[in-house]
$ cat target.cif   # mmCIF, C-alpha atoms
data_protein
loop_
_atom_site.label_atom_id
_atom_site.label_comp_id
_atom_site.auth_asym_id
_atom_site.auth_seq_id
_atom_site.Cartn_x
_atom_site.Cartn_y
_atom_site.Cartn_z
CA MET A 816 66.35 129.58 23.98
CA SER A 817 65.48 128.54 20.44
CA ASP A 818 69.15 127.88 19.81
CA PHE A 819 69.22 125.53 22.81
CA GLN A 820 66.07 123.76 21.70
CA GLN A 821 67.47 123.21 18.23
CA ARG A 822 70.67 121.76 19.64
CA ALA A 823 68.75 119.60 22.11
CA SER A 824 66.52 118.16 19.44
CA HIS A 825 69.56 117.59 17.25
CA ASP A 826 71.44 115.68 19.96
CA GLU A 827 68.47 113.63 21.15
CA PRO A 828 66.80 111.81 18.32
CA SER A 829 64.04 110.63 20.67
CA GLY A 830 62.77 114.21 20.76
CA LEU A 831 62.51 114.13 24.56
CA SER A 832 64.43 117.07 25.97
CA ARG A 833 66.21 116.89 29.29
CA ARG A 834 63.81 119.43 30.77
CA GLN A 835 60.80 117.50 29.51
CA PHE A 836 62.18 114.25 30.95
CA LEU A 837 62.72 115.85 34.36
CA THR A 838 59.23 117.33 34.26
CA TYR A 839 57.73 113.92 33.56
CA ALA A 840 59.90 112.18 36.18
CA LEU A 841 59.11 114.69 38.90
CA GLY A 842 55.46 114.86 37.94
CA GLY A 843 55.19 111.07 37.93
CA THR A 844 56.90 110.74 41.30
CA GLY A 845 54.73 113.46 42.76
CA ALA A 846 51.57 111.87 41.37
CA PHE A 847 52.60 108.51 42.82
CA MET A 848 53.20 109.99 46.27
CA ALA A 849 49.95 111.94 46.17
CA SER A 850 48.06 108.81 45.16
CA LEU A 851 49.52 106.94 48.16
CA VAL A 852 47.71 109.48 50.33
CA ALA A 853 44.59 109.72 48.19
CA VAL A 854 43.87 106.02 47.57
CA PRO A 855 42.87 105.18 51.18
CA PHE A 856 40.49 108.17 51.14
CA VAL A 857 38.81 107.02 47.94
CA VAL A 858 38.56 103.40 49.10
CA GLU A 859 37.17 104.46 52.47
CA THR A 860 34.58 106.64 50.74
CA LEU A 861 33.48 103.84 48.41
CA ASP A 862 33.11 101.37 51.31
CA PRO A 863 29.27 101.54 51.41
CA ILE A 864 29.09 100.14 47.87
CA ARG A 865 30.60 96.80 48.85
CA ARG A 866 28.08 96.38 51.68
CA GLY A 867 25.11 94.41 50.46
CA GLY A 868 21.64 94.82 51.87
CA ALA A 869 20.43 92.90 54.90
CA ASN A 870 20.83 89.22 54.23
CA ARG A 871 19.48 87.64 57.35
CA PHE A 872 16.47 85.40 57.78
CA VAL A 873 14.26 85.90 60.82
CA ASN A 874 11.68 83.53 62.23
CA SER A 875 8.17 84.84 61.53
CA GLY A 876 6.90 82.92 64.58
CA HIS A 877 4.28 81.16 62.46
CA LYS A 878 4.16 77.74 60.83
CA VAL A 879 3.40 77.46 57.12
CA SER A 880 0.43 75.26 58.04
CA GLU A 881 -1.22 78.27 59.73
CA PHE A 882 -1.71 80.00 56.37
CA ASN A 883 -4.21 79.25 53.59
CA LYS A 884 -4.55 79.56 49.84
CA THR A 885 -7.56 81.89 49.79
CA LEU A 886 -6.66 85.02 51.77
CA PRO A 887 -3.41 86.61 53.03
CA GLN A 888 -2.83 86.69 56.78
CA LEU A 889 -1.04 89.55 58.50
CA VAL A 890 2.21 88.53 60.23
CA GLU A 891 4.00 90.84 62.65
CA PHE A 892 7.66 90.07 63.07
CA ARG A 893 10.88 91.82 64.02
CA ALA A 894 13.21 92.46 61.10
CA HIS A 895 16.87 92.67 62.02
CA ARG A 896 18.59 95.74 60.63
CA ASP A 897 22.31 96.50 60.71
CA ASP A 898 22.84 100.23 60.27
CA GLY A 899 26.47 101.27 60.58
CA TRP A 900 27.42 100.76 64.22
CA ASN A 901 23.75 100.41 65.18
CA SER A 902 21.68 97.29 64.90
CA ALA A 903 18.05 96.99 65.80
CA ASP A 904 15.09 94.66 65.58
CA ILE A 905 12.47 96.75 63.81
CA PRO A 906 8.79 95.82 64.24
CA SER A 907 7.65 94.89 60.73
CA ARG A 908 4.63 93.37 59.00
CA THR A 909 4.09 91.15 56.04
CA TRP A 910 1.06 89.54 54.39
CA VAL A 911 1.41 85.78 53.84
CA ILE A 912 -0.68 83.66 51.48
CA LEU A 913 -0.06 80.17 50.14
CA GLN A 914 0.29 80.04 46.38
CA PRO A 915 -1.66 77.38 44.42
CA ASP A 916 1.37 75.06 44.65
CA GLY A 917 1.41 75.47 48.44
CA THR A 918 4.57 77.58 48.72
CA PRO A 919 4.23 80.64 50.97
CA LEU A 920 4.24 84.12 49.46
CA ALA A 921 5.21 86.82 51.99
CA MET A 922 4.32 90.27 50.66
CA SER A 923 5.58 93.58 52.01
CA PRO A 924 2.73 96.00 52.82
CA ILE A 925 4.73 98.88 51.32
CA CYS A 926 3.01 100.22 48.20
CA THR A 927 5.40 100.13 45.22
CA HIS A 928 4.08 103.52 44.09
CA LEU A 929 5.35 105.89 46.78
CA GLY A 930 5.78 103.76 49.88
CA CYS A 931 2.50 104.02 51.80
CA GLN A 932 1.25 101.04 53.81
CA VAL A 933 -1.44 99.21 51.87
CA ASN A 934 -4.50 97.82 53.66
CA GLY A 935 -5.89 94.33 53.24
CA THR A 936 -9.63 93.76 53.07
CA LEU A 937 -10.84 92.96 56.58
CA GLY A 938 -14.24 91.88 57.82
CA PRO A 939 -16.09 93.44 60.79
CA ASP A 940 -14.25 90.98 63.08
CA GLY A 941 -10.88 92.35 61.92
CA LYS A 942 -10.02 89.09 60.16
CA PRO A 943 -9.18 88.91 56.44
CA ALA A 944 -12.36 88.83 54.34
CA PRO A 945 -12.88 88.19 50.61
CA ALA A 946 -12.35 91.18 48.32
CA GLN A 947 -15.49 93.29 48.00
CA ASP A 948 -15.24 93.54 44.23
CA GLY A 949 -14.09 89.95 44.03
CA GLN A 950 -10.63 90.81 42.64
CA TRP A 951 -8.74 93.68 44.26
CA TRP A 952 -7.85 92.78 47.84
CA PHE A 953 -5.10 95.26 48.85
CA HIS A 954 -5.94 98.97 48.72
CA CYS A 955 -3.47 101.80 49.11
CA PRO A 956 -5.00 104.74 51.05
CA CYS A 957 -2.79 107.33 49.32
CA HIS A 958 -3.40 107.12 45.57
CA GLY A 959 -5.77 104.17 45.27
CA SER A 960 -3.42 101.48 44.04
CA LYS A 961 -5.17 98.09 44.10
CA TYR A 962 -3.62 94.63 44.25
CA THR A 963 -4.85 91.03 44.09
CA VAL A 964 -4.38 88.61 47.00
CA TYR A 965 -1.01 87.74 45.38
CA GLY A 966 0.00 91.41 45.36
CA ILE A 967 -0.35 91.94 41.59
CA GLN A 968 -1.38 95.55 40.90
CA SER A 969 -4.49 96.47 38.91
CA PRO A 970 -3.93 97.85 35.38
CA GLY A 971 -5.14 101.31 36.37
CA SER A 972 -3.02 101.54 39.54
CA PRO A 973 -0.28 104.12 39.81
CA ALA A 974 1.81 101.32 41.37
CA PRO A 975 4.47 100.35 38.80
CA ARG A 976 4.99 96.75 39.96
CA PRO A 977 3.53 94.11 42.30
CA LEU A 978 4.15 94.23 46.05
CA ASP A 979 7.69 93.22 46.95
CA VAL A 980 8.09 89.75 48.43
CA HIS A 981 10.40 88.33 51.07
CA THR A 982 12.65 85.47 50.18
CA VAL A 983 11.35 82.70 52.42
CA LYS A 984 12.70 79.58 54.05
CA VAL A 985 10.88 76.86 55.97
CA ASP A 986 12.68 74.91 58.70
CA GLU A 987 12.11 71.23 59.66
CA ALA A 988 9.50 72.16 62.26
CA GLY A 989 7.55 74.00 59.57
CA TYR A 990 8.27 77.55 60.74
CA LEU A 991 8.36 80.29 58.11
CA TYR A 992 11.56 82.35 57.94
CA LEU A 993 11.57 85.75 56.24
CA GLY A 994 14.60 87.03 54.33
CA PRO A 995 15.42 90.13 52.26
CA LEU A 996 12.79 91.75 50.04
CA GLN A 997 12.79 91.18 46.30
CA GLN A 998 11.05 93.01 43.48
CA ARG A 999 8.73 91.34 40.99
CA ASN A 1000 7.77 92.18 37.42
CA SER A 1001 4.14 92.72 36.37
CA SER A 1002 3.56 88.99 35.81
CA GLY A 1003 4.65 88.27 39.37
CA GLN A 1004 8.09 86.87 38.58
CA VAL A 1005 10.89 87.78 40.98
CA ILE A 1006 13.34 89.99 39.09
CA SER A 1007 15.93 90.91 41.69
CA MET B 1021 43.42 118.13 25.00
CA LEU B 1022 44.46 119.27 28.50
CA LYS B 1023 46.65 121.91 26.93
CA LYS B 1024 43.74 123.17 24.84
CA ALA B 1025 41.46 123.33 27.89
CA TYR B 1026 44.14 125.20 29.82
CA ASP B 1027 44.73 127.64 26.96
CA TRP B 1028 41.00 128.27 26.67
CA ILE B 1029 40.79 129.21 30.35
CA ASP B 1030 44.10 131.09 30.32
CA GLU B 1031 43.02 133.19 27.35
CA ARG B 1032 39.99 134.38 29.31
CA LEU B 1033 41.29 134.60 32.89
CA ASN B 1034 45.04 135.02 32.44
CA VAL B 1035 45.86 132.44 35.13
CA THR B 1036 49.45 131.79 34.07
CA PRO B 1037 50.99 134.65 36.09
CA LEU B 1038 49.28 133.29 39.24
CA TRP B 1039 51.17 130.01 39.33
CA ARG B 1040 54.23 131.36 37.49
CA ASP B 1041 54.71 133.70 40.44
CA VAL B 1042 55.08 130.66 42.73
CA ALA B 1043 56.82 128.31 40.29
CA ASP B 1044 59.47 130.82 39.20
CA HIS B 1045 60.11 132.07 42.70
CA GLU B 1046 63.79 131.45 43.17
CA VAL B 1047 65.03 129.26 46.04
CA PRO B 1048 68.06 130.99 47.60
CA ALA B 1049 71.26 128.89 47.40
CA HIS B 1050 71.68 128.62 51.16
CA VAL B 1051 68.26 126.94 51.61
CA ASN B 1052 68.58 124.53 48.66
CA PRO B 1053 69.44 120.97 49.77
CA ALA B 1054 70.46 120.18 46.18
CA ILE B 1055 73.41 122.52 46.62
CA LYS B 1056 74.22 121.90 50.26
CA MET B 1057 72.65 118.84 51.88
CA SER B 1058 72.56 120.38 55.37
CA ALA B 1059 70.06 122.90 54.05
CA PHE B 1060 67.35 120.24 54.51
CA VAL B 1061 66.59 121.90 57.85
CA TYR B 1062 64.91 124.64 55.82
CA CYS B 1063 62.37 122.05 54.62
CA PHE B 1064 60.76 121.56 58.04
CA GLY B 1065 58.28 124.42 57.59
CA GLY B 1066 57.08 123.11 54.25
CA LEU B 1067 56.93 119.56 55.62
CA THR B 1068 54.79 120.79 58.52
CA PHE B 1069 52.40 122.30 55.99
CA LEU B 1070 52.40 119.06 53.98
CA VAL B 1071 51.48 117.00 57.05
CA ILE B 1072 48.82 119.55 58.03
CA THR B 1073 47.32 119.20 54.55
CA THR B 1074 47.07 115.42 54.92
CA GLN B 1075 45.59 115.94 58.40
CA ILE B 1076 42.86 118.15 56.98
CA LEU B 1077 42.13 115.62 54.21
CA SER B 1078 42.14 112.53 56.44
CA GLY B 1079 40.03 114.40 58.99
CA MET B 1080 37.43 115.25 56.34
CA PHE B 1081 37.19 111.60 55.34
CA LEU B 1082 37.00 110.39 58.95
CA ALA B 1083 34.15 112.83 59.60
CA MET B 1084 32.02 110.89 57.09
CA TYR B 1085 31.83 108.01 59.57
CA TYR B 1086 32.33 109.65 62.97
CA THR B 1087 29.55 110.86 65.23
CA PRO B 1088 30.18 113.10 68.28
CA ASP B 1089 27.75 111.55 70.70
CA ILE B 1090 28.64 109.85 73.98
CA THR B 1091 26.72 106.64 73.27
CA ASN B 1092 27.83 106.31 69.65
CA ALA B 1093 31.24 108.00 69.33
CA TRP B 1094 33.26 105.00 70.41
CA TYR B 1095 31.16 102.61 68.32
CA SER B 1096 31.56 104.80 65.24
CA VAL B 1097 35.32 104.89 65.79
CA ARG B 1098 35.34 101.11 66.15
CA TYR B 1099 33.29 100.89 62.96
CA ILE B 1100 35.89 103.01 61.12
CA THR B 1101 38.73 100.90 62.49
CA ASP B 1102 37.25 97.40 62.11
CA GLU B 1103 34.59 97.57 59.41
CA VAL B 1104 35.28 100.31 56.86
CA LEU B 1105 37.61 99.27 54.05
CA LEU B 1106 41.00 100.95 54.73
CA GLY B 1107 39.29 102.90 57.50
CA ASN B 1108 42.07 101.86 59.85
CA VAL B 1109 44.58 103.34 57.37
CA VAL B 1110 42.76 106.68 57.20
CA ARG B 1111 42.42 106.75 60.99
CA GLY B 1112 46.08 105.74 61.28
CA MET B 1113 47.10 108.61 59.02
CA HIS B 1114 45.21 111.06 61.23
CA PHE B 1115 46.53 109.45 64.45
CA TRP B 1116 50.23 109.32 63.50
CA GLY B 1117 50.02 112.51 61.46
CA ALA B 1118 48.89 114.35 64.58
CA SER B 1119 52.15 113.54 66.33
CA LEU B 1120 54.10 114.25 63.15
CA VAL B 1121 52.67 117.77 62.91
CA ILE B 1122 53.88 118.55 66.44
CA ILE B 1123 57.32 117.05 65.72
CA MET B 1124 57.75 118.84 62.38
CA MET B 1125 56.49 122.12 63.79
CA PHE B 1126 58.93 121.84 66.69
CA LEU B 1127 61.86 121.10 64.36
CA HIS B 1128 60.82 124.07 62.20
CA MET B 1129 60.75 126.26 65.30
CA LEU B 1130 64.22 125.06 66.36
CA ARG B 1131 65.57 125.84 62.87
CA VAL B 1132 64.08 129.35 62.96
CA PHE B 1133 65.42 129.88 66.47
CA PHE B 1134 68.99 128.68 65.85
CA THR B 1135 69.35 130.48 62.52
CA GLY B 1136 68.06 133.64 64.20
CA ALA B 1137 65.41 133.98 61.52
CA TYR B 1138 62.93 135.41 64.03
CA LYS B 1139 64.92 138.67 64.35
CA LYS B 1140 63.95 142.00 62.86
CA PRO B 1141 62.16 142.42 60.47
CA ARG B 1142 60.48 139.02 60.99
CA GLU B 1143 59.31 139.31 64.63
CA MET B 1144 55.65 139.38 63.64
CA ASN B 1145 55.98 136.16 61.68
CA TRP B 1146 57.50 134.51 64.74
CA VAL B 1147 54.51 135.68 66.78
CA VAL B 1148 52.09 134.28 64.18
CA GLY B 1149 54.11 131.04 64.25
CA VAL B 1150 53.68 130.82 68.02
CA LEU B 1151 49.93 131.36 67.58
CA ILE B 1152 49.90 128.50 65.05
CA PHE B 1153 51.73 126.42 67.66
CA PHE B 1154 48.95 127.06 70.19
CA VAL B 1155 46.24 126.31 67.62
CA VAL B 1156 47.94 123.00 66.79
CA LEU B 1157 48.15 122.14 70.50
CA GLY B 1158 44.42 122.93 70.64
CA PHE B 1159 43.88 120.46 67.79
CA GLY B 1160 45.74 117.82 69.78
CA PHE B 1161 43.85 118.48 73.01
CA THR B 1162 40.36 118.49 71.43
CA GLY B 1163 41.08 115.62 69.01
CA TYR B 1164 42.30 113.40 71.84
CA LEU B 1165 38.79 113.31 73.32
CA LEU B 1166 36.92 112.36 70.16
CA PRO B 1167 37.40 108.53 70.20
CA TRP B 1168 35.66 108.66 73.61
CA ASP B 1169 37.65 105.77 75.09
CA GLN B 1170 39.19 105.60 78.59
CA LYS B 1171 42.39 107.34 77.49
CA ALA B 1172 40.40 110.14 75.89
CA TYR B 1173 38.07 110.59 78.84
CA TRP B 1174 40.72 110.72 81.54
CA ALA B 1175 43.13 112.88 79.55
CA THR B 1176 40.39 115.46 79.18
CA ALA B 1177 39.38 115.08 82.82
CA VAL B 1178 42.96 115.89 83.84
CA GLY B 1179 43.18 118.73 81.32
CA ALA B 1180 40.02 120.21 82.77
CA GLN B 1181 41.44 119.95 86.29
CA LEU B 1182 44.54 121.83 85.11
CA ALA B 1183 42.35 124.61 83.75
CA GLY B 1184 40.31 124.56 86.95
CA SER B 1185 43.39 125.08 89.10
CA ILE B 1186 43.95 128.60 87.79
CA PRO B 1187 43.39 131.02 90.71
CA TRP B 1188 39.97 132.70 90.95
CA ILE B 1189 38.81 132.28 87.32
CA GLY B 1190 39.80 128.59 87.04
CA PRO B 1191 36.38 127.09 87.79
CA TYR B 1192 34.72 129.38 85.24
CA ILE B 1193 37.27 128.45 82.55
CA GLN B 1194 36.81 124.79 83.37
CA THR B 1195 33.02 125.01 82.99
CA LEU B 1196 33.31 126.91 79.72
CA LEU B 1197 35.88 124.43 78.42
CA LEU B 1198 33.75 121.41 79.26
CA GLY B 1199 30.43 123.08 78.48
CA SER B 1200 29.15 121.49 81.66
CA HIS B 1201 30.08 120.69 85.26
CA THR B 1202 31.60 117.39 84.14
CA VAL B 1203 33.22 115.74 81.13
CA GLY B 1204 30.21 114.48 79.18
CA ALA B 1205 27.93 114.83 76.18
CA LEU B 1206 28.32 118.61 76.02
CA THR B 1207 32.10 118.35 76.23
CA LEU B 1208 32.20 115.93 73.31
CA THR B 1209 30.05 118.10 71.01
CA ARG B 1210 31.98 121.18 72.07
CA PHE B 1211 35.39 119.63 71.46
CA PHE B 1212 34.17 118.24 68.13
CA ALA B 1213 32.97 121.67 66.99
CA ILE B 1214 36.25 123.27 68.10
CA HIS B 1215 38.29 120.52 66.42
CA VAL B 1216 36.57 120.55 63.02
CA PHE B 1217 35.24 124.11 62.65
CA PHE B 1218 36.84 126.73 64.89
CA LEU B 1219 40.47 125.62 64.92
CA PRO B 1220 40.70 124.84 61.17
CA ALA B 1221 39.33 128.31 60.41
CA ALA B 1222 41.85 129.92 62.77
CA LEU B 1223 44.66 127.75 61.40
CA LEU B 1224 43.97 128.62 57.75
CA VAL B 1225 43.92 132.35 58.51
CA LEU B 1226 47.16 132.14 60.51
CA LEU B 1227 48.87 130.00 57.85
CA ALA B 1228 47.87 132.52 55.17
CA LEU B 1229 49.41 135.34 57.25
CA HIS B 1230 52.51 133.20 57.85
CA PHE B 1231 53.01 132.57 54.13
CA ILE B 1232 52.15 136.08 52.96
CA MET B 1233 54.66 137.53 55.43
CA ILE B 1234 57.48 135.15 54.51
CA ARG B 1235 56.81 135.89 50.85
CA ALA B 1236 56.94 139.64 51.48
CA GLN B 1237 60.01 139.51 53.76
CA HIS B 1238 61.87 136.62 52.08
CA ILE B 1239 63.67 133.79 53.84
CA ALA B 1240 66.34 135.04 56.26
CA GLY B 1241 69.87 135.16 54.84
CA PRO B 1242 72.63 132.59 55.43
CA LEU B 1243 74.37 132.32 58.79
#

$ encode --input "target.cif" --output "structure tokens"
Amino acid sequence: MSDFQQRASHDEPSGLSRRQFLTYALGGTGAFMASLVAVPFVVETLDPIRRGGANRFVNSGHKVSEFNKTLPQLVEFRAHRDDGWNSADIPSRTWVILQPDGTPLAMSPICTHLGCQVNGTLGPDGKPAPAQDGQWWFHCPCHGSKYTVYGIQSPGSPAPRPLDVHTVKVDEAGYLYLGPLQQRNSSGQVIS
Amino acid sequence: MLKKAYDWIDERLNVTPLWRDVADHEVPAHVNPAIKMSAFVYCFGGLTFLVITTQILSGMFLAMYYTPDITNAWYSVRYITDEVLLGNVVRGMHFWGASLVIIMMFLHMLRVFFTGAYKKPREMNWVVGVLIFFVVLGFGFTGYLLPWDQKAYWATAVGAQLAGSIPWIGPYIQTLLLGSHTVGALTLTRFFAIHVFFLPAALLVLLALHFIMIRAQHIAGPL
């Protein structure tokens, strides 16, 4: 054995013995063939990553002119959701207020703390009413997160960021279209 | 690096003899295609096992997207085929591989039959092989229903009628097979469970017996 190895290394200056070469060649061929089988499995498994979130805009059924700059109005709409081989129109809600520059801000009622539905401040008639303490208009029933009419959380709230907002579009007739939700940072700027 | 990791494990668990036992197991001259090309017929058993392995793997990956429910099964299969990246390849592997298993297994059986390898002392291994044959046919029968298309539905309807035509006990067998009085939701869940849980368990046990016996009794001698 050692005699053979000495002779082999003497004859082959590259240092690669015949046995080693065959091991590499067979191993490489085997790995290639195995990868032909394995690659489709891996790609198929990773498929969900290439699917983005919902990217569709749906008509809210309301014109921008129906909203005002003082208090958010509740809008009920049907969000389209593609879920694998299922697709459904899910009843959804959003609070819409006009920002000082007149552009609509459509806020999700989902608390950014742990996902409860936040309540707006409503008067006895069930219509939006001014905030009782003059500042915090949305209240989360679960852990007391408070938000302004623009969905910015109070400093003491457990909520880590303002209410998420829909990307919005307005068509020629003035109807408000609601798109995917986006997160905002604490100063209200959309971050993603 | 790899070598060091292997040595570390080997020093503690002494794993080398485990794979050495398989790797150093000598291939008899009369079954080695490198010596005599016609000996490739002895490869059919191993090729059957190779295809079965890919069937198990592709089936596991298909199961991530499939759902055995009469309203959704076909849509989930269409989703795999049309939407999932390379899903049609994985489904194709399982579809064509299914036929390939039957073909390879049949060729393997012909080789064993015509070389007389089933004779004493290997009768029991032949019997286990026949049981594997039935299990694989069961895979084919139950798997055929899962896409829940017209072909699947009517093939199973006919299969159930065949079972139902057995004298006296036929109707009972048919009901137990379908899990209901008709091919429907209960049939689909039942066939799915048989296809992915019961039959694989039976197959792995039988394959283990098959391999342990051939290892203990050695491959039959030359003609």

$ closest_atom_pairs --input "target.cif" --of "chain B" --to "chain A" --cutoff "12 Å" --atoms "only C-alpha atoms" --output "Markdown table"
| residue | atom | partner | partner_atom | distance |
| --- | --- | --- | --- | --- |
| B:Leu1070 | CA | A:Ala849 | CA | 10.8 |
| B:Val1071 | CA | A:Val852 | CA | 10.8 |
| B:Thr1073 | CA | A:Val852 | CA | 10.6 |
| B:Thr1074 | CA | A:Val852 | CA | 7.5 |
| B:Gln1075 | CA | A:Val852 | CA | 10.6 |
| B:Ile1076 | CA | A:Phe856 | CA | 11.8 |
| B:Leu1077 | CA | A:Phe856 | CA | 8.2 |
| B:Ser1078 | CA | A:Phe856 | CA | 7.1 |
| B:Gly1079 | CA | A:Phe856 | CA | 10.0 |
| B:Met1080 | CA | A:Phe856 | CA | 9.3 |
| B:Phe1081 | CA | A:Phe856 | CA | 6.3 |
| B:Leu1082 | CA | A:Glu859 | CA | 8.8 |
| B:Ala1083 | CA | A:Thr860 | CA | 10.8 |
| B:Met1084 | CA | A:Thr860 | CA | 8.1 |
| B:Tyr1085 | CA | A:Gly899 | CA | 8.7 |
| B:Tyr1086 | CA | A:Trp900 | CA | 10.2 |
| B:Thr1087 | CA | A:Trp900 | CA | 10.4 |
| B:Thr1091 | CA | A:Asn901 | CA | 10.6 |
| B:Asn1092 | CA | A:Trp900 | CA | 7.8 |
| B:Ala1093 | CA | A:Trp900 | CA | 9.6 |
| B:Trp1094 | CA | A:Trp900 | CA | 9.5 |
| B:Tyr1095 | CA | A:Trp900 | CA | 5.8 |
| B:Ser1096 | CA | A:Trp900 | CA | 5.9 |
| B:Val1097 | CA | A:Trp900 | CA | 9.1 |
| B:Arg1098 | CA | A:Trp900 | CA | 8.2 |
| B:Tyr1099 | CA | A:Trp900 | CA | 6.0 |
| B:Ile1100 | CA | A:Glu859 | CA | 8.9 |
| B:Thr1101 | CA | A:Glu859 | CA | 10.7 |
| B:Asp1102 | CA | A:Trp900 | CA | 10.6 |
| B:Glu1103 | CA | A:Gly899 | CA | 9.0 |
| B:Val1104 | CA | A:Asp862 | CA | 6.1 |
| B:Leu1105 | CA | A:Glu859 | CA | 5.4 |
| B:Leu1106 | CA | A:Glu859 | CA | 5.7 |
| B:Gly1107 | CA | A:Glu859 | CA | 5.7 |
| B:Asn1108 | CA | A:Glu859 | CA | 9.2 |
| B:Val1109 | CA | A:Pro855 | CA | 6.7 |
| B:Val1110 | CA | A:Pro855 | CA | 6.2 |
| B:Arg1111 | CA | A:Pro855 | CA | 9.9 |
| B:Gly1112 | CA | A:Pro855 | CA | 10.6 |
| B:Met1113 | CA | A:Val852 | CA | 8.8 |
| B:His1114 | CA | A:Val852 | CA | 11.3 |
| B:Gly1117 | CA | A:Val852 | CA | 11.8 |

$ resolve_selection --input "target.cif" --expression "the PyMOL selection byres ((chain B and resi 1234) around 12)" --output "list of chain:residue names"
B:Gly1065, B:Ala1137, B:Tyr1138, B:Pro1141, B:Arg1142, B:Glu1143, B:Met1144, B:Asn1145, B:Trp1146, B:Val1148, B:Gly1149, B:Leu1227, B:Ala1228, B:Leu1229, B:His1230, B:Phe1231, B:Ile1232, B:Met1233, B:Arg1235, B:Ala1236, B:Gln1237, B:His1238, B:Ile1239, B:Ala1240

$ write_last_selection --input "target.cif" --atoms "C-alpha atoms" --output "mmCIF file, in the frame of the given file"
data_model
loop_
_atom_site.group_PDB
_atom_site.id
_atom_site.type_symbol
_atom_site.label_atom_id
_atom_site.label_comp_id
_atom_site.auth_asym_id
_atom_site.auth_seq_id
_atom_site.Cartn_x
_atom_site.Cartn_y
_atom_site.Cartn_z
ATOM 1 C CA GLY B 1065 58.280 124.420 57.590
ATOM 2 C CA ALA B 1137 65.410 133.980 61.520
ATOM 3 C CA TYR B 1138 62.930 135.410 64.030
ATOM 4 C CA PRO B 1141 62.160 142.420 60.470
ATOM 5 C CA ARG B 1142 60.480 139.020 60.990
ATOM 6 C CA GLU B 1143 59.310 139.310 64.630
ATOM 7 C CA MET B 1144 55.650 139.380 63.640
ATOM 8 C CA ASN B 1145 55.980 136.160 61.680
ATOM 9 C CA TRP B 1146 57.500 134.510 64.740
ATOM 10 C CA VAL B 1148 52.090 134.280 64.180
ATOM 11 C CA GLY B 1149 54.110 131.040 64.250
ATOM 12 C CA LEU B 1227 48.870 130.000 57.850
ATOM 13 C CA ALA B 1228 47.870 132.520 55.170
ATOM 14 C CA LEU B 1229 49.410 135.340 57.250
ATOM 15 C CA HIS B 1230 52.510 133.200 57.850
ATOM 16 C CA PHE B 1231 53.010 132.570 54.130
ATOM 17 C CA ILE B 1232 52.150 136.080 52.960
ATOM 18 C CA MET B 1233 54.660 137.530 55.430
ATOM 19 C CA ARG B 1235 56.810 135.890 50.850
ATOM 20 C CA ALA B 1236 56.940 139.640 51.480
ATOM 21 C CA GLN B 1237 60.010 139.510 53.760
ATOM 22 C CA HIS B 1238 61.870 136.620 52.080
ATOM 23 C CA ILE B 1239 63.670 133.790 53.840
ATOM 24 C CA ALA B 1240 66.340 135.040 56.260
#

$ resolve_selection --input "target.cif" --expression "the PyMOL selection byres ((chain A and resi 961-972) around 7)" --output "PyMOL selection string"
chain A and resi 886-887+922+950-955+959-960+973-974+976-978+1001+1003

$ atom_distance --input "target.cif" --atom1 "atom CA of A:Cys926" --atom2 "atom CA of A:Gln998"
11.8 Å

$ atom_distance --input "target.cif" --atom1 "atom CA of A:Pro995" --atom2 "atom CA of A:Phe872"
7.3 Å

$ resolve_selection --input "target.cif" --expression "the PyMOL selection byres ((chain B and resi 1128-1133) around 10)" --output "ChimeraX atom specification"
/B:1061-1068,1122-1127,1134-1139,1146,1149-1150,1153,1240

$ closest_residue --input "target.cif" --among "A:Cys957, A:Asn874, A:Phe836, A:Asp916" --to "A:His928" --atoms "all atoms listed in the file"
A:Cys957

$ atom_distance --input "target.cif" --atom1 "atom CA of B:Phe1212" --atom2 "atom CA of B:Leu1165"
8.5 Å

$ residues_around --input "target.cif" --residues "stretch 1171-1173 of chain B" --least-positions-apart "4" --cutoff "10 Å" --atoms "all atoms listed in the file" --output "PyMOL selection string"
chain B and resi 1161-1167+1177-1179+1203-1204+1208

$ residues_around --input "target.cif" --residues "A:Lys942" --least-positions-apart "6" --cutoff "10 Å" --atoms "all atoms listed in the file" --output "list of chain:residue names"
A:Leu886, A:Gln888, A:Leu889, A:Gly935, A:Thr936

$ decode --input "target.cif" --residues "stretch 1155-1171 of chain B" --atoms "C-alpha atoms" --output "PDB file, in the first residue's frame"
ATOM      1  CA  VAL B1155     -48.059  -2.023  -2.388  1.00  0.00           C
ATOM      2  CA  VAL B1156     -46.749  -0.184  -5.462  1.00  0.00           C
ATOM      3  CA  LEU B1157     -49.956  -0.990  -7.354  1.00  0.00           C
ATOM      4  CA  GLY B1158     -51.803   0.443  -4.338  1.00  0.00           C
ATOM      5  CA  PHE B1159     -49.731   3.620  -4.691  1.00  0.00           C
ATOM      6  CA  GLY B1160     -50.757   3.841  -8.328  1.00  0.00           C
ATOM      7  CA  PHE B1161     -54.451   3.245  -7.635  1.00  0.00           C
ATOM      8  CA  THR B1162     -54.719   5.744  -4.755  1.00  0.00           C
ATOM      9  CA  GLY B1163     -52.455   8.361  -6.358  1.00  0.00           C
ATOM     10  CA  TYR B1164     -54.497   8.332  -9.557  1.00  0.00           C
ATOM     11  CA  LEU B1165     -57.476   9.820  -7.702  1.00  0.00           C
ATOM     12  CA  LEU B1166     -55.655  12.712  -6.038  1.00  0.00           C
ATOM     13  CA  PRO B1167     -55.719  15.293  -8.908  1.00  0.00           C
ATOM     14  CA  TRP B1168     -59.527  14.945  -8.726  1.00  0.00           C
ATOM     15  CA  ASP B1169     -60.073  15.466 -12.455  1.00  0.00           C
ATOM     16  CA  GLN B1170     -62.423  13.486 -14.735  1.00  0.00           C
ATOM     17  CA  LYS B1171     -59.821  10.795 -15.420  1.00  0.00           C
TER      18      LYS B1171
END
